[in-house]
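Chemist: Below is the file entry_35.txt, which contains compact mmCIF, N, CA and C atoms.
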# COMPACT_ATOMS: atom_id res chain seq x y z
N ILE M 1118 38.61 20.94 -47.12
CA ILE M 1118 37.48 21.77 -46.74
C ILE M 1118 37.05 21.40 -45.32
N LYS M 1119 37.05 20.13 -44.98
CA LYS M 1119 36.68 19.73 -43.62
C LYS M 1119 37.66 20.30 -42.60
N THR M 1120 38.94 20.23 -42.90
CA THR M 1120 39.96 20.74 -41.98
C THR M 1120 39.81 22.24 -41.77
N LEU M 1121 39.43 22.98 -42.81
CA LEU M 1121 39.28 24.43 -42.71
C LEU M 1121 37.94 24.83 -42.11
N GLU M 1122 37.05 23.85 -41.90
CA GLU M 1122 35.72 24.06 -41.29
C GLU M 1122 34.90 25.11 -42.03
N MET M 1123 34.93 25.05 -43.36
CA MET M 1123 34.14 25.95 -44.19
C MET M 1123 32.72 25.41 -44.30
N ASP M 1124 31.75 26.28 -44.16
CA ASP M 1124 30.34 25.88 -44.25
C ASP M 1124 29.87 26.07 -45.69
N LEU M 1125 29.91 25.00 -46.45
CA LEU M 1125 29.48 25.05 -47.85
C LEU M 1125 28.16 24.31 -48.06
N ARG M 1126 27.40 24.12 -46.97
CA ARG M 1126 26.09 23.46 -47.12
C ARG M 1126 25.22 24.27 -48.06
N GLY M 1127 24.61 23.61 -49.01
CA GLY M 1127 23.74 24.26 -49.98
C GLY M 1127 24.49 24.97 -51.10
N CYS M 1128 25.80 24.90 -51.10
CA CYS M 1128 26.61 25.55 -52.13
C CYS M 1128 27.23 24.49 -53.03
N GLU M 1129 27.61 24.93 -54.19
CA GLU M 1129 28.40 24.10 -55.08
C GLU M 1129 29.77 24.74 -55.22
N PHE M 1130 30.77 23.93 -55.52
CA PHE M 1130 32.07 24.48 -55.80
C PHE M 1130 32.74 23.64 -56.87
N GLY M 1131 33.66 24.28 -57.57
CA GLY M 1131 34.35 23.57 -58.63
C GLY M 1131 35.55 24.34 -59.13
N MET M 1132 36.34 23.67 -59.95
CA MET M 1132 37.52 24.29 -60.52
C MET M 1132 37.09 25.33 -61.55
N THR M 1133 37.65 26.53 -61.42
CA THR M 1133 37.29 27.61 -62.33
C THR M 1133 38.43 27.99 -63.27
N ASP M 1134 39.66 27.71 -62.87
CA ASP M 1134 40.83 28.04 -63.68
C ASP M 1134 41.86 26.92 -63.55
N CYS M 1135 42.63 26.72 -64.61
CA CYS M 1135 43.69 25.72 -64.59
C CYS M 1135 44.70 26.12 -65.65
N TRP M 1136 45.99 26.13 -65.30
CA TRP M 1136 47.01 26.54 -66.25
C TRP M 1136 48.31 25.79 -66.02
N LEU M 1137 49.13 25.76 -67.05
CA LEU M 1137 50.41 25.08 -67.03
C LEU M 1137 51.52 26.10 -66.77
N ASN M 1138 52.45 25.77 -65.88
CA ASN M 1138 53.61 26.61 -65.59
C ASN M 1138 54.87 25.90 -66.05
N ILE M 1139 55.65 26.53 -66.90
CA ILE M 1139 56.95 26.01 -67.30
C ILE M 1139 57.97 27.06 -66.89
N MET M 1140 58.80 26.72 -65.90
CA MET M 1140 59.74 27.68 -65.36
C MET M 1140 61.18 27.23 -65.60
N PRO M 1141 61.84 27.82 -66.59
CA PRO M 1141 63.25 27.49 -66.81
C PRO M 1141 64.14 28.10 -65.72
N ALA M 1142 65.40 27.78 -65.72
CA ALA M 1142 66.34 28.31 -64.74
C ALA M 1142 66.31 29.83 -64.76
N GLY M 1143 66.39 30.43 -63.57
CA GLY M 1143 66.45 31.87 -63.45
C GLY M 1143 65.11 32.59 -63.49
N VAL M 1144 64.01 31.87 -63.72
CA VAL M 1144 62.69 32.49 -63.80
C VAL M 1144 62.01 32.41 -62.44
N ALA M 1145 61.42 33.53 -62.01
CA ALA M 1145 60.70 33.59 -60.74
C ALA M 1145 59.27 34.03 -60.98
N HIS M 1146 58.38 33.71 -60.05
CA HIS M 1146 57.00 34.18 -60.08
C HIS M 1146 56.80 34.97 -58.80
N SER M 1147 56.66 36.30 -58.94
CA SER M 1147 56.66 37.20 -57.79
C SER M 1147 55.44 37.00 -56.89
N LEU M 1148 55.51 37.60 -55.71
CA LEU M 1148 54.49 37.50 -54.67
C LEU M 1148 53.12 37.89 -55.22
N HIS M 1149 52.13 37.02 -55.03
CA HIS M 1149 50.78 37.27 -55.53
C HIS M 1149 49.77 36.43 -54.75
N LEU M 1150 48.49 36.65 -55.02
CA LEU M 1150 47.40 35.84 -54.48
C LEU M 1150 46.42 35.56 -55.61
N HIS M 1151 45.34 34.85 -55.31
CA HIS M 1151 44.39 34.45 -56.36
C HIS M 1151 43.00 34.98 -56.02
N PRO M 1152 42.68 36.22 -56.44
CA PRO M 1152 41.34 36.76 -56.16
C PRO M 1152 40.26 35.95 -56.88
N GLN M 1153 39.06 36.04 -56.40
CA GLN M 1153 37.89 35.37 -56.98
C GLN M 1153 37.95 33.86 -56.84
N SER M 1154 38.76 33.36 -55.91
CA SER M 1154 38.87 31.92 -55.64
C SER M 1154 38.92 31.72 -54.13
N PHE M 1155 38.67 30.50 -53.69
CA PHE M 1155 38.80 30.25 -52.25
C PHE M 1155 39.84 29.18 -51.94
N ILE M 1156 40.09 28.27 -52.86
CA ILE M 1156 41.15 27.27 -52.71
C ILE M 1156 41.97 27.29 -54.00
N SER M 1157 43.27 27.30 -53.86
CA SER M 1157 44.18 27.24 -55.01
C SER M 1157 45.17 26.11 -54.78
N GLY M 1158 45.83 25.70 -55.82
CA GLY M 1158 46.79 24.62 -55.66
C GLY M 1158 47.71 24.48 -56.85
N THR M 1159 48.73 23.67 -56.65
CA THR M 1159 49.69 23.36 -57.70
C THR M 1159 50.03 21.87 -57.64
N TYR M 1160 49.99 21.24 -58.79
CA TYR M 1160 50.43 19.85 -58.94
C TYR M 1160 51.77 19.89 -59.67
N TYR M 1161 52.79 19.27 -59.08
CA TYR M 1161 54.13 19.29 -59.66
C TYR M 1161 54.31 18.11 -60.60
N VAL M 1162 54.58 18.41 -61.87
CA VAL M 1162 54.76 17.41 -62.91
C VAL M 1162 56.24 17.02 -63.01
N GLN M 1163 57.10 18.02 -63.12
CA GLN M 1163 58.55 17.80 -63.26
C GLN M 1163 59.27 18.79 -62.36
N THR M 1164 60.09 18.26 -61.46
CA THR M 1164 60.83 19.12 -60.54
C THR M 1164 62.28 18.68 -60.48
N PRO M 1165 63.12 19.30 -61.28
CA PRO M 1165 64.54 18.95 -61.27
C PRO M 1165 65.14 19.19 -59.89
N GLN M 1166 66.27 18.55 -59.64
CA GLN M 1166 66.97 18.73 -58.37
C GLN M 1166 67.22 20.23 -58.14
N ASN M 1167 67.06 20.66 -56.91
CA ASN M 1167 67.23 22.07 -56.51
C ASN M 1167 66.16 23.00 -57.08
N SER M 1168 64.98 22.46 -57.41
CA SER M 1168 63.88 23.32 -57.84
C SER M 1168 63.46 24.20 -56.66
N ALA M 1169 63.11 25.43 -56.96
CA ALA M 1169 62.67 26.34 -55.91
C ALA M 1169 61.37 25.86 -55.29
N ALA M 1170 61.24 26.05 -54.00
CA ALA M 1170 60.02 25.70 -53.27
C ALA M 1170 58.99 26.81 -53.43
N ILE M 1171 57.71 26.48 -53.26
CA ILE M 1171 56.70 27.52 -53.19
C ILE M 1171 56.80 28.15 -51.80
N LYS M 1172 56.78 29.46 -51.75
CA LYS M 1172 57.06 30.20 -50.52
C LYS M 1172 55.83 31.02 -50.15
N PHE M 1173 55.31 30.81 -48.93
CA PHE M 1173 54.12 31.50 -48.45
C PHE M 1173 54.50 32.59 -47.45
N GLU M 1174 53.83 33.73 -47.55
CA GLU M 1174 54.08 34.86 -46.67
C GLU M 1174 53.13 34.80 -45.47
N ASP M 1175 53.65 35.09 -44.28
CA ASP M 1175 52.79 35.24 -43.10
C ASP M 1175 51.82 36.38 -43.37
N PRO M 1176 50.51 36.14 -43.33
CA PRO M 1176 49.54 37.20 -43.68
C PRO M 1176 49.58 38.39 -42.72
N ARG M 1177 50.24 38.25 -41.59
CA ARG M 1177 50.34 39.36 -40.63
C ARG M 1177 51.53 40.26 -40.92
N LEU M 1178 52.35 39.92 -41.91
CA LEU M 1178 53.62 40.59 -42.14
C LEU M 1178 53.49 42.12 -42.22
N SER M 1179 52.48 42.63 -42.90
CA SER M 1179 52.33 44.08 -43.04
C SER M 1179 51.99 44.77 -41.72
N LYS M 1180 51.61 44.01 -40.71
CA LYS M 1180 51.23 44.57 -39.41
C LYS M 1180 52.38 44.53 -38.40
N PHE M 1181 53.51 43.94 -38.77
CA PHE M 1181 54.61 43.78 -37.82
C PHE M 1181 55.30 45.10 -37.48
N MET M 1182 55.21 46.07 -38.35
CA MET M 1182 55.79 47.41 -38.19
C MET M 1182 57.19 47.40 -37.59
N LYS M 1183 57.34 47.66 -36.32
CA LYS M 1183 58.66 47.82 -35.70
C LYS M 1183 59.13 46.52 -35.03
N ALA M 1184 58.58 45.38 -35.42
CA ALA M 1184 58.99 44.11 -34.82
C ALA M 1184 60.44 43.82 -35.17
N PRO M 1185 61.22 43.33 -34.21
CA PRO M 1185 62.62 43.00 -34.51
C PRO M 1185 62.70 41.77 -35.42
N PRO M 1186 63.84 41.57 -36.06
CA PRO M 1186 63.98 40.39 -36.92
C PRO M 1186 63.87 39.11 -36.12
N LYS M 1187 63.50 38.06 -36.78
CA LYS M 1187 63.39 36.75 -36.15
C LYS M 1187 64.76 36.08 -36.08
N LYS M 1188 64.94 35.23 -35.10
CA LYS M 1188 66.17 34.46 -34.99
C LYS M 1188 66.25 33.49 -36.17
N ALA M 1189 67.43 33.20 -36.63
CA ALA M 1189 67.63 32.30 -37.77
C ALA M 1189 67.04 30.92 -37.52
N ASN M 1190 67.07 30.46 -36.29
CA ASN M 1190 66.57 29.12 -35.96
C ASN M 1190 65.22 29.16 -35.24
N CYS M 1191 64.40 30.19 -35.49
CA CYS M 1191 63.11 30.29 -34.81
C CYS M 1191 62.18 29.16 -35.24
N LYS M 1192 61.15 28.91 -34.43
CA LYS M 1192 60.16 27.88 -34.73
C LYS M 1192 59.45 28.20 -36.05
N ARG M 1193 59.02 27.15 -36.72
CA ARG M 1193 58.34 27.31 -38.02
C ARG M 1193 57.15 28.27 -37.92
N GLU M 1194 56.38 28.19 -36.85
CA GLU M 1194 55.19 29.04 -36.71
C GLU M 1194 55.53 30.51 -36.48
N ASN M 1195 56.78 30.83 -36.21
CA ASN M 1195 57.20 32.22 -36.01
C ASN M 1195 57.91 32.82 -37.22
N LYS M 1196 58.10 32.04 -38.26
CA LYS M 1196 58.79 32.53 -39.46
C LYS M 1196 57.88 33.47 -40.25
N GLN M 1197 58.49 34.42 -40.95
CA GLN M 1197 57.73 35.36 -41.77
C GLN M 1197 57.38 34.76 -43.13
N PHE M 1198 58.13 33.75 -43.54
CA PHE M 1198 57.85 33.02 -44.78
C PHE M 1198 58.04 31.54 -44.49
N ILE M 1199 57.20 30.71 -45.12
CA ILE M 1199 57.34 29.25 -45.00
C ILE M 1199 57.37 28.69 -46.42
N ALA M 1200 58.28 27.78 -46.67
CA ALA M 1200 58.42 27.19 -48.01
C ALA M 1200 58.08 25.71 -47.97
N TYR M 1201 57.42 25.25 -49.03
CA TYR M 1201 57.11 23.83 -49.21
C TYR M 1201 57.83 23.37 -50.47
N PRO M 1202 58.60 22.30 -50.37
CA PRO M 1202 59.38 21.85 -51.52
C PRO M 1202 58.51 21.43 -52.70
N ALA M 1203 59.03 21.67 -53.89
CA ALA M 1203 58.37 21.23 -55.12
C ALA M 1203 58.83 19.82 -55.40
N LYS M 1204 57.91 18.85 -55.34
CA LYS M 1204 58.25 17.45 -55.59
C LYS M 1204 57.28 16.88 -56.61
N ALA M 1205 57.83 16.32 -57.67
CA ALA M 1205 57.00 15.73 -58.73
C ALA M 1205 56.01 14.73 -58.16
N GLY M 1206 54.76 14.81 -58.63
CA GLY M 1206 53.71 13.90 -58.18
C GLY M 1206 52.97 14.39 -56.94
N LYS M 1207 53.38 15.51 -56.37
CA LYS M 1207 52.75 16.04 -55.15
C LYS M 1207 51.88 17.24 -55.50
N VAL M 1208 50.88 17.50 -54.64
CA VAL M 1208 49.99 18.65 -54.76
C VAL M 1208 50.12 19.50 -53.51
N VAL M 1209 50.14 20.81 -53.69
CA VAL M 1209 50.09 21.75 -52.57
C VAL M 1209 48.79 22.52 -52.72
N LEU M 1210 47.94 22.47 -51.69
CA LEU M 1210 46.68 23.22 -51.66
C LEU M 1210 46.78 24.32 -50.61
N PHE M 1211 46.14 25.46 -50.88
CA PHE M 1211 46.17 26.57 -49.93
C PHE M 1211 44.98 27.49 -50.18
N GLU M 1212 44.63 28.26 -49.15
CA GLU M 1212 43.56 29.24 -49.32
C GLU M 1212 44.06 30.35 -50.24
N SER M 1213 43.21 30.77 -51.14
CA SER M 1213 43.60 31.66 -52.24
C SER M 1213 44.04 33.05 -51.79
N TRP M 1214 43.64 33.49 -50.60
CA TRP M 1214 44.03 34.82 -50.10
C TRP M 1214 45.48 34.84 -49.61
N LEU M 1215 46.10 33.70 -49.47
CA LEU M 1215 47.45 33.61 -48.94
C LEU M 1215 48.49 33.97 -50.01
N ARG M 1216 49.22 35.06 -49.77
CA ARG M 1216 50.22 35.50 -50.75
C ARG M 1216 51.36 34.50 -50.80
N HIS M 1217 51.85 34.27 -52.03
CA HIS M 1217 52.91 33.28 -52.23
C HIS M 1217 53.74 33.67 -53.45
N GLU M 1218 54.89 33.02 -53.56
CA GLU M 1218 55.78 33.27 -54.68
C GLU M 1218 56.60 32.03 -54.97
N VAL M 1219 57.25 32.03 -56.13
CA VAL M 1219 58.19 30.96 -56.48
C VAL M 1219 59.50 31.64 -56.86
N PRO M 1220 60.52 31.53 -56.01
CA PRO M 1220 61.83 32.11 -56.35
C PRO M 1220 62.45 31.38 -57.54
N ALA M 1221 63.44 32.00 -58.13
CA ALA M 1221 64.14 31.39 -59.27
C ALA M 1221 64.94 30.17 -58.82
N SER M 1222 64.99 29.16 -59.67
CA SER M 1222 65.79 27.96 -59.42
C SER M 1222 67.16 28.13 -60.06
N SER M 1223 68.12 27.41 -59.51
CA SER M 1223 69.48 27.51 -60.04
C SER M 1223 69.84 26.36 -60.98
N ASN M 1224 68.92 25.43 -61.19
CA ASN M 1224 69.24 24.29 -62.06
C ASN M 1224 69.06 24.69 -63.52
N ASN M 1225 69.44 23.80 -64.42
CA ASN M 1225 69.36 24.08 -65.85
C ASN M 1225 68.16 23.43 -66.53
N SER M 1226 67.30 22.79 -65.76
CA SER M 1226 66.14 22.11 -66.33
C SER M 1226 64.86 22.88 -66.01
N GLU M 1227 63.82 22.61 -66.77
CA GLU M 1227 62.54 23.27 -66.54
C GLU M 1227 61.77 22.62 -65.41
N ARG M 1228 61.17 23.43 -64.58
CA ARG M 1228 60.24 22.96 -63.55
C ARG M 1228 58.84 23.12 -64.16
N ILE M 1229 58.07 22.04 -64.15
CA ILE M 1229 56.74 22.07 -64.77
C ILE M 1229 55.69 21.74 -63.72
N SER M 1230 54.65 22.57 -63.68
CA SER M 1230 53.56 22.32 -62.74
C SER M 1230 52.25 22.75 -63.38
N VAL M 1231 51.16 22.28 -62.80
CA VAL M 1231 49.82 22.67 -63.21
C VAL M 1231 49.18 23.33 -61.99
N SER M 1232 48.74 24.57 -62.16
CA SER M 1232 48.09 25.28 -61.06
C SER M 1232 46.61 25.42 -61.34
N PHE M 1233 45.82 25.63 -60.28
CA PHE M 1233 44.37 25.67 -60.44
C PHE M 1233 43.72 26.45 -59.29
N ASN M 1234 42.50 26.90 -59.54
CA ASN M 1234 41.69 27.61 -58.55
C ASN M 1234 40.31 26.97 -58.45
N TYR M 1235 39.75 27.01 -57.26
CA TYR M 1235 38.38 26.60 -57.02
C TYR M 1235 37.58 27.78 -56.50
N ASN M 1236 36.31 27.86 -56.91
CA ASN M 1236 35.40 28.88 -56.41
C ASN M 1236 34.11 28.19 -55.98
N TRP M 1237 33.29 28.91 -55.23
CA TRP M 1237 32.00 28.36 -54.78
C TRP M 1237 30.88 29.30 -55.19
N TRP M 1238 29.69 28.74 -55.34
CA TRP M 1238 28.51 29.53 -55.70
C TRP M 1238 27.26 28.91 -55.12
Now that the file is in, can you turn its structure into structure tokens?
Modeler:
Amino acid sequence: IKTLEMDLRGCEFGMTDCWLNIMPAGVAHSLHLHPQSFISGTYYVQTPQNSAAIKFEDPRLSKFMKAPPKKANCKRENKQFIAYPAKAGKVVLFESWLRHEVPASSNNSERISVSFNYNWW
């Protein structure tokens, strides 16, 4: 919250939703966001080798219109999608308006995570 410079003086905030994700091989979670929340996250419990990373979409993507494709080796800040690896014991936090997805993994084991949302009032 400090890094994002959100002014929550006089407000309270807390976890409003929490759920378990069990993703076997070949299962994907399509592009989505988390309405009615301001911070969302995922804690990785079990991440077999080659587990799919969480993939975030550049929020400007719909405005690119006739922009040419990016070079394969372009800088991270110029990519249209950025992925963060799923690693057991790690947490990924992000602003809830940021669209994201989890592509299917090619391993034969289940990827297990706990996701959650925070809201303020």
Chemist: Looking at M:Gln1166, M:Arg1228, M:Met1182, M:Ala1189, which one is nearest to M:Ile1139, with distances taken over only N, CA and C atoms?
Modeler: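 Counting only N, CA and C atoms, the residue closest to M:Ile1139 is M:Arg1228.
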Chemist: Calculated over all atoms listed in the file, which of the candidates M:Arg1126, M:Lys1204, M:Lys1180, M:His1217 has the smallest distance to M:Pro1165?
Modeler: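 Residue with the minimum atom-to-atom distance to M:Pro1165: M:Lys1204.
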Chemist: In Å to one decimal, how far is atom C of M:Ser1226 from atom CA of M:Ser1213?
Modeler: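 Here the two named atoms are 26.8 Å from each other.
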Chemist: How far is it from atom CA of M:Leu1215 to atom N of M:Ser1157, in Å with one decimal?
Modeler: 9.0 Å
Chemist: What does the distance between atom CA of M:Phe1173 and atom N of M:Pro1185 come to in Å, to one decimal place?
Modeler: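 One can read the atom CA of M:Phe1173 to atom N of M:Pro1185 distance as 19.8 Å.
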Chemist: How would you write, as JSON, numbers by chain, the set of residues in chain M that DSSP gives as strand (DSSP E or B)?
Modeler: {"M": [1130, 1131, 1132, 1133, 1134, 1135, 1136, 1137, 1138, 1139, 1140, 1146, 1147, 1148, 1149, 1156, 1157, 1158, 1159, 1160, 1161, 1162, 1163, 1171, 1172, 1173, 1174, 1198, 1199, 1200, 1201, 1208, 1209, 1210, 1211, 1212, 1217, 1218, 1219, 1228, 1229, 1230, 1231, 1232, 1233, 1234, 1235, 1236, 1237]}
Chemist: Can you work out which one of M:Val1162, M:Ser1223, M:Lys1183, M:Ser1232 has the shortest atom-to-atom distance to M:Gly1143, counting only N, CA and C atoms?
Modeler: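 Using only N, CA and C atoms, M:Gly1143 sits closest to M:Ser1223.
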Chemist: Using only C-alpha atoms, pick whichever of M:Glu1194, M:Ser1154, M:Ala1203, M:Ala1145 has the shortest atom-to-atom distance to M:Glu1218.
Modeler: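 Closest residue, counting only C-alpha atoms: M:Ala1145.
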Chemist: Could you give me, as a PyMOL selection string, the residues that sit within 7 Å of (56.7, 26.9, -52.8) in the file's coordinates, counting all atoms listed in the file?
Modeler: chain M and resi 1169-1173+1199-1203+1218-1220
Chemist: Save the residues we just selected, N, CA and C atoms, as a PDB file, in the frame of the given file?
Modeler:
ATOM      1  N   ALA M1169      63.110  25.430 -56.960  1.00  0.00           N
ATOM      2  CA  ALA M1169      62.670  26.340 -55.910  1.00  0.00           C
ATOM      3  C   ALA M1169      61.370  25.860 -55.290  1.00  0.00           C
ATOM      4  N   ALA M1170      61.240  26.050 -54.000  1.00  0.00           N
ATOM      5  CA  ALA M1170      60.020  25.700 -53.270  1.00  0.00           C
ATOM      6  C   ALA M1170      58.990  26.810 -53.430  1.00  0.00           C
ATOM      7  N   ILE M1171      57.710  26.480 -53.260  1.00  0.00           N
ATOM      8  CA  ILE M1171      56.700  27.520 -53.190  1.00  0.00           C
ATOM      9  C   ILE M1171      56.800  28.150 -51.800  1.00  0.00           C
ATOM     10  N   LYS M1172      56.780  29.460 -51.750  1.00  0.00           N
ATOM     11  CA  LYS M1172      57.060  30.200 -50.520  1.00  0.00           C
ATOM     12  C   LYS M1172      55.830  31.020 -50.150  1.00  0.00           C
ATOM     13  N   PHE M1173      55.310  30.810 -48.930  1.00  0.00           N
ATOM     14  CA  PHE M1173      54.120  31.500 -48.450  1.00  0.00           C
ATOM     15  C   PHE M1173      54.500  32.590 -47.450  1.00  0.00           C
ATOM     16  N   ILE M1199      57.200  30.710 -45.120  1.00  0.00           N
ATOM     17  CA  ILE M1199      57.340  29.250 -45.000  1.00  0.00           C
ATOM     18  C   ILE M1199      57.370  28.690 -46.420  1.00  0.00           C
ATOM     19  N   ALA M1200      58.280  27.780 -46.670  1.00  0.00           N
ATOM     20  CA  ALA M1200      58.420  27.190 -48.010  1.00  0.00           C
ATOM     21  C   ALA M1200      58.080  25.710 -47.970  1.00  0.00           C
ATOM     22  N   TYR M1201      57.420  25.250 -49.030  1.00  0.00           N
ATOM     23  CA  TYR M1201      57.110  23.830 -49.210  1.00  0.00           C
ATOM     24  C   TYR M1201      57.830  23.370 -50.470  1.00  0.00           C
ATOM     25  N   PRO M1202      58.600  22.300 -50.370  1.00  0.00           N
ATOM     26  CA  PRO M1202      59.380  21.850 -51.520  1.00  0.00           C
ATOM     27  C   PRO M1202      58.510  21.430 -52.700  1.00  0.00           C
ATOM     28  N   ALA M1203      59.030  21.670 -53.890  1.00  0.00           N
ATOM     29  CA  ALA M1203      58.370  21.230 -55.120  1.00  0.00           C
ATOM     30  C   ALA M1203      58.830  19.820 -55.400  1.00  0.00           C
ATOM     31  N   GLU M1218      54.890  33.020 -53.560  1.00  0.00           N
ATOM     32  CA  GLU M1218      55.780  33.270 -54.680  1.00  0.00           C
ATOM     33  C   GLU M1218      56.600  32.030 -54.970  1.00  0.00           C
ATOM     34  N   VAL M1219      57.250  32.030 -56.130  1.00  0.00           N
ATOM     35  CA  VAL M1219      58.190  30.960 -56.480  1.00  0.00           C
ATOM     36  C   VAL M1219      59.500  31.640 -56.860  1.00  0.00           C
ATOM     37  N   PRO M1220      60.520  31.530 -56.010  1.00  0.00           N
ATOM     38  CA  PRO M1220      61.830  32.110 -56.350  1.00  0.00           C
ATOM     39  C   PRO M1220      62.450  31.380 -57.540  1.00  0.00           C
TER      40      PRO M1220
END
Chemist: Considering all atoms listed in the file, can you say which of M:Gly1158, M:Phe1130, M:Leu1148, M:Leu1125 comes closest to M:Val1231?
Modeler: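 Result for the nearest residue to M:Val1231: M:Gly1158.
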Chemist: Quick one: of M:Cys1128, M:Ile1118, M:Val1144, M:Leu1137, who's nearest to M:Glu1212, counting only C-alpha atoms?
Modeler: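 For M:Glu1212, the nearest of the given residues is M:Ile1118.
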Chemist: Could you write out as JSON the box around stretch 1215-1226 of chain M (axis-aligned, all atoms listed in the file, 8 Å on each side), with centre and edge lengths in Å to one decimal?
Modeler:
{"center_x": 58.0, "center_y": 28.8, "center_z": -57.7, "size_x": 39.7, "size_y": 29.4, "size_z": 33.6}
